[in-house]
2 protein chains.
Amino acid sequence: MNFLEEKILADGRVYAGDILKVDSFINHRIDMDVMRQAACEFKRRYEGERVDKILTIEASGIAIAVMLANMYDVPVVFAKKAETANSTDDKYRSQAFSFTRKEMNDIVVSRPYISPGERILIVDDFLATGQAARALIDIVRQAGAEVVGLGMLVEKGQQEGGKSLRGDGYRVESIAIIDSMDHGTQTIRFRNHSAQ
Amino acid sequence: MNFLEEKILADGRVYAGDILKVDSFINHRIDMDVMRQAACEFKRRYEGERVDKILTIEASGIAIAVMLANMYDVPVVFAKKAETANSTDDKYRSQAFSFTRKEMNDIVVSRPYISPGERILIVDDFLATGQAARALIDIVRQAGAEVVGLGMLVEKGQQEGGKSLRGDGYRVESIAIIDSMDHGTQTIRFRNHSAQ
């Protein structure tokens, strides 16, 4: 069992409705030890790949994106979920249904921040349905850039996102893949690493 | 002129309506060199202070918060602007008007993530009216914790946030303080550092 699986067993909580709460170390309170180890793990798995930029989506993906970008010494770009009064440039735009918020989100990245030919590593905290990941991939392709792969802290293996992305030929590296969880017994089972 | 003031002059853009756009290195594309230097600068300015936790607000504050927390080796907590379906615990709650979004935001932090007696350093990308900073301070006080000070990448010195917070006895360390900016000429004037 790796550091993140151990942390999830220790501090994650399973709620009804297939919800895994990792607020105490990933997406509200951020445990820096977890983020450092996760960044090292992604760097190790993508060893030998040229990475020009880390792409994520606000807000929970930013922490791991920043830690990983610091190791690669490349910029982060975080996609935004809504327009702001400060944004006036042309944008790449895609859409994703948010599992958390139960609504469609417009996902936007200002055009100057992804360039044709760049090799982009996409990271996020959670991979479930893969909607956010698909929107980020769509934006990378609109920009004429290339997806090196995806790095996810936690993948909900019961949902189809990871399977579908791998089926389409994308490399998806998830540090913890949950195969099943049970609210009543608070049991969490992880996928065997050799079975990814 | 420090690294951030130089970067703002080189890559920031002034828009009508007192808007400084730093999307290309702070709050959409993130320049890791800027974040590393900013984290070192905050660490230097708060030398000798015990810091137990870094508190910021999603989404643009997370990058600097993570870089600084990595240096202190303490956790980050980022306040959230809205409820999510994953959140069921009791929360500390405050309100702030968002200058960017032109709306009131509920600012929430789950109660377990700030403890009484903790010494909290609040960081964010922008200090303008000080509404977000006030909401974070309010939450720290609700939790019975202590505000060590505030670290802001860019302070809009023309607005009252910084002056008002300093007037109330809070230590505010801003790396670049803008005294005036002009959309027509794209001129940006910074406050003299000795005048902070």
# chains A, B, ... in the order shown; residues from 1 in each chain; ligands from 1
>>> residues_around(residues="stretch 27-39 of chain B", least_positions_apart="3", cutoff="6 Å", atoms="only C-alpha atoms", output="ChimeraX atom specification")
/A:75-78 /B:23-24,42,60,64,67-68
>>> select_by_dssp(residues="stretch 17-176 of chain A", states="helix (DSSP H, G or I)", output="ChimeraX atom specification")
/A:32-45,62-72,111-113,131-142,161-167
>>> write_last_selection(atoms="C-alpha atoms", output="PDB file, in the first residue's frame")
ATOM      1  CA  MET A  32       2.101  19.147   2.515  1.00  0.00           C
ATOM      2  CA  ASP A  33       3.712  15.772   3.114  1.00  0.00           C
ATOM      3  CA  VAL A  34       1.064  14.147   0.940  1.00  0.00           C
ATOM      4  CA  MET A  35       1.541  16.777  -1.777  1.00  0.00           C
ATOM      5  CA  ARG A  36       5.335  16.462  -1.772  1.00  0.00           C
ATOM      6  CA  GLN A  37       5.177  12.684  -2.002  1.00  0.00           C
ATOM      7  CA  ALA A  38       2.516  12.839  -4.703  1.00  0.00           C
ATOM      8  CA  ALA A  39       4.600  15.268  -6.773  1.00  0.00           C
ATOM      9  CA  CYS A  40       7.625  12.962  -6.473  1.00  0.00           C
ATOM     10  CA  GLU A  41       5.491   9.989  -7.459  1.00  0.00           C
ATOM     11  CA  PHE A  42       4.127  11.686 -10.614  1.00  0.00           C
ATOM     12  CA  LYS A  43       7.643  12.824 -11.516  1.00  0.00           C
ATOM     13  CA  ARG A  44       8.873   9.244 -11.136  1.00  0.00           C
ATOM     14  CA  ARG A  45       6.054   7.752 -13.196  1.00  0.00           C
ATOM     15  CA  ILE A  62      -3.866  23.749  -7.826  1.00  0.00           C
ATOM     16  CA  ALA A  63      -1.915  22.420  -4.838  1.00  0.00           C
ATOM     17  CA  ILE A  64      -0.604  19.275  -6.534  1.00  0.00           C
ATOM     18  CA  ALA A  65      -0.094  21.191  -9.790  1.00  0.00           C
ATOM     19  CA  VAL A  66       2.096  23.765  -8.041  1.00  0.00           C
ATOM     20  CA  MET A  67       4.175  21.148  -6.208  1.00  0.00           C
ATOM     21  CA  LEU A  68       4.752  19.215  -9.419  1.00  0.00           C
ATOM     22  CA  ALA A  69       5.483  22.323 -11.488  1.00  0.00           C
ATOM     23  CA  ASN A  70       8.042  23.320  -8.887  1.00  0.00           C
ATOM     24  CA  MET A  71       9.854  20.024  -9.472  1.00  0.00           C
ATOM     25  CA  TYR A  72       9.736  20.342 -13.261  1.00  0.00           C
ATOM     26  CA  ARG A 111      -5.500  31.407 -25.356  1.00  0.00           C
ATOM     27  CA  PRO A 112      -2.031  32.810 -24.739  1.00  0.00           C
ATOM     28  CA  TYR A 113      -1.393  30.363 -21.901  1.00  0.00           C
ATOM     29  CA  GLN A 131     -15.683  15.029 -17.258  1.00  0.00           C
ATOM     30  CA  ALA A 132     -13.187  17.593 -16.003  1.00  0.00           C
ATOM     31  CA  ALA A 133     -10.278  15.634 -17.468  1.00  0.00           C
ATOM     32  CA  ARG A 134     -12.055  15.434 -20.848  1.00  0.00           C
ATOM     33  CA  ALA A 135     -12.634  19.190 -20.809  1.00  0.00           C
ATOM     34  CA  LEU A 136      -8.957  19.838 -20.082  1.00  0.00           C
ATOM     35  CA  ILE A 137      -7.892  17.431 -22.828  1.00  0.00           C
ATOM     36  CA  ASP A 138     -10.287  19.180 -25.208  1.00  0.00           C
ATOM     37  CA  ILE A 139      -8.686  22.537 -24.388  1.00  0.00           C
ATOM     38  CA  VAL A 140      -5.160  21.182 -24.895  1.00  0.00           C
ATOM     39  CA  ARG A 141      -6.203  19.855 -28.307  1.00  0.00           C
ATOM     40  CA  GLN A 142      -7.917  23.119 -29.277  1.00  0.00           C
ATOM     41  CA  GLY A 161     -13.598   8.004 -16.221  1.00  0.00           C
ATOM     42  CA  GLY A 162     -10.244   6.274 -15.958  1.00  0.00           C
ATOM     43  CA  LYS A 163     -11.268   3.221 -17.955  1.00  0.00           C
ATOM     44  CA  SER A 164     -12.667   5.343 -20.767  1.00  0.00           C
ATOM     45  CA  LEU A 165      -9.618   7.632 -20.920  1.00  0.00           C
ATOM     46  CA  ARG A 166      -7.222   4.674 -20.966  1.00  0.00           C
ATOM     47  CA  GLY A 167      -9.386   3.073 -23.618  1.00  0.00           C
TER      48      GLY A 167
END
>>> select_by_dssp(residues="stretch 41-115 of chain B", states="strand (DSSP E)", output="list of chain:residue names")
B:Lys53, B:Ile54, B:Leu55, B:Thr56, B:Ile57, B:Val76, B:Val77, B:Phe78, B:Ala79, B:Lys91, B:Tyr92, B:Arg93, B:Ser94, B:Gln95, B:Ala96, B:Phe97, B:Ser98, B:Glu103, B:Met104, B:Asn105, B:Asp106, B:Ile107, B:Val108, B:Val109, B:Ser110
>>> atom_distance(atom1="atom CA of B:Glu6", atom2="atom CA of B:Gln186")
14.1 Å
>>> residues_around(residues="stretch 9-21 of chain A", least_positions_apart="6", cutoff="8 Å", atoms="only C-alpha atoms", output="PyMOL selection string")
(chain A and resi 181-183+186-188) or (chain B and resi 86)
>>> closest_residue(among="A:Gln95, A:Asn105, A:Lys80, A:Ala145", to="A:Gly61", atoms="only C-alpha atoms")
A:Lys80
